[in-house]
Amino acid sequence: MVMRTIIVVFFLFNFRFEVTGFELSYDFYEESCPQVEDIVRNGLQAIFLTDPTSPAALLRLMFHDCQVQGCDASILVDPGEGSVATEMASSKNFGIRKRELISIVKSMVEAHCPQQVSCADILILAAREAVALTGGPRLKVPLGRRDSSHTPSYELADAYLPPSTAGVADMLIMFTNKGMTLAESAAILGAHTLGVTHCSSIENRLHSPDNGESVVMEPDFAAFLRLTCHHKGSSTSNLSFVLNDPTSLAFDNEYFVNAMRGRGVLKVDAEMALDPKTAQFVQHFSINQDDFFQAFSSAFVKLSCFGVLTGEQGVIREHCNAIN
């Protein structure tokens with residue numbers, strides 16, 4: 001009860017500060033495009049029914065966009081003729097997919113509200129629907145972001161996206177720098193409850209016994225991973241994958257249940273259950289899904305509001321994959 005109270009109070013105080021400070025608001029499109037949220041939701045519902053792996057892809061897409069230079073839809077930009085390599089050229093964006101879905105939804109929005117809604121806001125709304133339509137909380141997010149007006153560099157993605165070998169200490173620095181509490185930092189990693197992890201991302205854990213990481217894996221699970229991901233260094237490791245948790249199509253607290261059992265897939269997943277700074281939250285979220293949802297909701301909003309373009313900054317792209 002004490003932990004829940006702390007999470008809720010911090011959420012209410014900091015949430016208002018973030019929204020006010022960055023000129024985002026809940027009614028930003030009340031006059032210019034009041035139906036935007038319904039358009040995004042309805043458009044994605046049909047897509048998710050035909051491809052239930054899309055929610056995980058869109059949630060990861062949002063995280064990778066926001067982590068580089070704020071949520072500005074820069075990850076959606078394709079390279080132009082003679083231009084430098086974009087963010088997608090970064091090896092850390094390996095496995096990013098479904099970018100075209102944002103362009104599809106953008107065209108739906110444009111049909112009703114031409115040049116009013118940014119691709120950045122559509123991406124945030126899409127990630128929100130990815131959570132809600134797979135069983136997670138219905139997030140209330142402020143809107144009003146603008147799109148980047150220049151072609152992003154893959155070097156920024158290389159610098160700001162965490163490697164698959166990142167541990168708890170790296171992740172805590174990254175998320176607390178965005179104003180998250182320890183509870184929120186643990187909760188935001190619960191997004192790993194959706195989707196899969198490519199074998200190439202866990203090769204070091206499985207095939208380098210001297211690194212000491214194998215001790216945090218439950219033996220049977222370690223054997224399963226080695227059996228599934230046995231092609232170290234080959235192209236097959238980029239194609240093979242393992243589920244992040246047993247319910248990888250549902251947004252729930254199974255990620256934390258798995259971590260408590262020594263079945264965390266990535267290094268950070270495994271370390272969180274053991275690190276003194278995060279272990280208490282992993283344990284608590286593994287038995288209290290409501291508190292996980294609450295902490296995740298506030299963390300999601302903080303991530304989506306950090307370093308965004310607003311007002312006269314940036315642009316509203318007509319096509320999400322091209323700079324105006």
# chains A, B, ... in the order shown; residues from 1 in each chain; ligands from 1

$ select_by_dssp --residues "range 38-283 of chain A" --states "alpha helix (DSSP H)" --output "number ranges by chain"
A: 38-50, 54-69, 99-112, 119-132, 154-160, 168-176, 182-188, 203-207, 219-228, 236-239, 254-260, 267-272, 279-283

$ closest_atom_pairs --of "range 136-222 of chain A" --to "range 293-299 of chain A" --cutoff "8 Å" --atoms "only C-alpha atoms" --output "JSON lines"
{"residue": "A:Gly136", "atom": "CA", "partner": "A:Phe293", "partner_atom": "CA", "distance": 7.0}
{"residue": "A:Pro137", "atom": "CA", "partner": "A:Phe293", "partner_atom": "CA", "distance": 6.0}
{"residue": "A:Leu139", "atom": "CA", "partner": "A:Ser297", "partner_atom": "CA", "distance": 6.1}
{"residue": "A:Met180", "atom": "CA", "partner": "A:Ala299", "partner_atom": "CA", "distance": 6.3}
{"residue": "A:Ala183", "atom": "CA", "partner": "A:Ala295", "partner_atom": "CA", "distance": 6.6}
{"residue": "A:Glu184", "atom": "CA", "partner": "A:Ala299", "partner_atom": "CA", "distance": 5.2}
{"residue": "A:Ser185", "atom": "CA", "partner": "A:Ala299", "partner_atom": "CA", "distance": 7.0}
{"residue": "A:Ala187", "atom": "CA", "partner": "A:Phe296", "partner_atom": "CA", "distance": 4.9}
{"residue": "A:Ile188", "atom": "CA", "partner": "A:Phe296", "partner_atom": "CA", "distance": 5.3}
{"residue": "A:Gly190", "atom": "CA", "partner": "A:Phe296", "partner_atom": "CA", "distance": 7.5}

$ residues_around --residues "Cys229 in chain A" --least-positions-apart "4" --cutoff "9 Å" --atoms "only C-alpha atoms" --output "VMD selection string"
chain A and resid 198 to 200 202 to 203 206 224 to 225 236 to 237 240 to 242

$ closest_residue --among "A:His284, A:Lys92, A:Lys98, A:His112" --to "Ala127 in chain A" --atoms "only C-alpha atoms"
A:Lys98

$ select_by_dssp --residues "range 52-242 of chain A" --states "strand (DSSP E or B)" --output "list in words"
Leu143, Arg146, Asp147, Val196, Thr197, His198, Phe241 and Val242 of chain A

$ residues_around --residues "Gln313 in chain A" --least-positions-apart "5" --cutoff "10 Å" --atoms "only C-alpha atoms" --output "number ranges by chain"
A: 145-149, 308

$ write_last_selection --atoms "C-alpha atoms" --output "compact mmCIF listing (two decimals), in the first residue's frame"
# COMPACT_ATOMS: atom_id res chain seq x y z
CA ARG A 145 4.21 17.24 -30.61
CA ARG A 146 5.79 18.40 -33.85
CA ASP A 147 7.83 16.38 -36.33
CA SER A 148 11.56 16.82 -36.91
CA SER A 149 12.33 18.97 -39.95
CA VAL A 308 9.67 16.99 -27.72

$ residues_around --residues "Asp121 in chain A" --least-positions-apart "2" --cutoff "8 Å" --atoms "only C-alpha atoms" --output "NGL selection string"
:A and (117-119 or 123-125 or 143-146)

$ write_last_selection --atoms "N, CA and C atoms" --output "JSON list (two decimals), in the first residue's frame"
[["chain", "number", "residue", "atom", "x", "y", "z"],
["A", 117, "VAL", "N", -2.34, 17.06, -37.73],
["A", 117, "VAL", "CA", -1.83, 16.14, -36.72],
["A", 117, "VAL", "C", -0.44, 15.65, -37.13],
["A", 118, "SER", "N", 0.49, 15.74, -36.22],
["A", 118, "SER", "CA", 1.87, 15.33, -36.51],
["A", 118, "SER", "C", 2.01, 13.82, -36.51],
["A", 119, "CYS", "N", 3.02, 13.37, -37.23],
["A", 119, "CYS", "CA", 3.36, 11.95, -37.23],
["A", 119, "CYS", "C", 3.83, 11.52, -35.84],
["A", 123, "LEU", "N", 2.31, 8.41, -33.76],
["A", 123, "LEU", "CA", 3.12, 7.31, -33.26],
["A", 123, "LEU", "C", 2.88, 7.08, -31.78],
["A", 124, "ILE", "N", 2.76, 8.14, -31.00],
["A", 124, "ILE", "CA", 2.46, 7.99, -29.57],
["A", 124, "ILE", "C", 1.09, 7.37, -29.38],
["A", 125, "LEU", "N", 0.11, 7.82, -30.14],
["A", 125, "LEU", "CA", -1.24, 7.25, -30.03],
["A", 125, "LEU", "C", -1.26, 5.79, -30.46],
["A", 143, "LEU", "N", -1.05, 15.71, -26.09],
["A", 143, "LEU", "CA", -0.66, 15.79, -27.49],
["A", 143, "LEU", "C", -0.19, 17.20, -27.84],
["A", 144, "GLY", "N", 0.35, 17.33, -29.05],
["A", 144, "GLY", "CA", 0.85, 18.63, -29.50],
["A", 144, "GLY", "C", 2.29, 18.59, -29.95],
["A", 145, "ARG", "N", 2.83, 17.37, -30.13],
["A", 145, "ARG", "CA", 4.21, 17.24, -30.61],
["A", 145, "ARG", "C", 4.32, 17.66, -32.07],
["A", 146, "ARG", "N", 5.51, 18.07, -32.45],
["A", 146, "ARG", "CA", 5.79, 18.40, -33.85],
["A", 146, "ARG", "C", 6.83, 17.42, -34.38]]

$ residues_around --residues "range 31-43 of chain A" --least-positions-apart "2" --cutoff "10 Å" --atoms "only C-alpha atoms" --output "MDAnalysis selection string"
chainID A and resid 27:29 45:48 101:102 104:106 108:110 112:117 121:123 125:126 128:130 132:133

$ residues_around --residues "Arg99 in chain A" --least-positions-apart "4" --cutoff "8 Å" --atoms "only C-alpha atoms" --output "VMD selection string"
chain A and resid 58 61 76 103

$ write_last_selection --atoms "all heavy atoms" --output "mmCIF file, in the first residue's frame"
data_model
loop_
_atom_site.group_PDB
_atom_site.id
_atom_site.type_symbol
_atom_site.label_atom_id
_atom_site.label_comp_id
_atom_site.auth_asym_id
_atom_site.auth_seq_id
_atom_site.Cartn_x
_atom_site.Cartn_y
_atom_site.Cartn_z
ATOM 1 N N LEU A 58 4.972 -1.754 -32.777
ATOM 2 C CA LEU A 58 4.691 -0.324 -32.658
ATOM 3 C C LEU A 58 5.171 0.236 -31.323
ATOM 4 O O LEU A 58 5.637 1.380 -31.254
ATOM 5 C CB LEU A 58 3.192 -0.073 -32.832
ATOM 6 C CG LEU A 58 2.645 -0.298 -34.245
ATOM 7 C CD1 LEU A 58 1.148 -0.011 -34.292
ATOM 8 C CD2 LEU A 58 3.380 0.554 -35.273
ATOM 9 N N LEU A 61 8.817 0.619 -31.671
ATOM 10 C CA LEU A 61 9.067 1.722 -32.588
ATOM 11 C C LEU A 61 8.999 3.056 -31.850
ATOM 12 O O LEU A 61 9.839 3.945 -32.043
ATOM 13 C CB LEU A 61 8.052 1.686 -33.726
ATOM 14 C CG LEU A 61 8.158 2.761 -34.812
ATOM 15 C CD1 LEU A 61 9.477 2.643 -35.565
ATOM 16 C CD2 LEU A 61 6.971 2.640 -35.779
ATOM 17 N N LEU A 76 10.911 7.446 -38.594
ATOM 18 C CA LEU A 76 10.068 7.087 -39.737
ATOM 19 C C LEU A 76 10.622 7.577 -41.070
ATOM 20 O O LEU A 76 10.152 7.165 -42.133
ATOM 21 C CB LEU A 76 8.662 7.666 -39.545
ATOM 22 C CG LEU A 76 7.916 7.252 -38.270
ATOM 23 C CD1 LEU A 76 6.569 7.957 -38.211
ATOM 24 C CD2 LEU A 76 7.746 5.742 -38.201
ATOM 25 N N SER A 103 2.345 5.459 -41.380
ATOM 26 C CA SER A 103 1.983 6.177 -42.606
ATOM 27 C C SER A 103 0.559 5.848 -43.038
ATOM 28 O O SER A 103 -0.170 6.718 -43.533
ATOM 29 C CB SER A 103 2.960 5.815 -43.735
ATOM 30 O OG SER A 103 4.256 6.327 -43.461
#

$ atom_distance --atom1 "CA of Phe256 in chain A" --atom2 "CA of Phe306 in chain A"
25.8 Å

$ closest_residue --among "A:Ile287, A:Ala89, A:Val77, A:Val131" --to "Arg60 in chain A" --atoms "only C-alpha atoms"
A:Val131

$ closest_residue --among "A:Thr193, A:Pro219, A:Asp170, A:Asn324" --to "Pro55 in chain A" --atoms "only C-alpha atoms"
A:Thr193

$ closest_residue --among "A:Asp51, A:Asp220, A:Glu30, A:Glu100" --to "Pro142 in chain A" --atoms "only C-alpha atoms"
A:Glu30
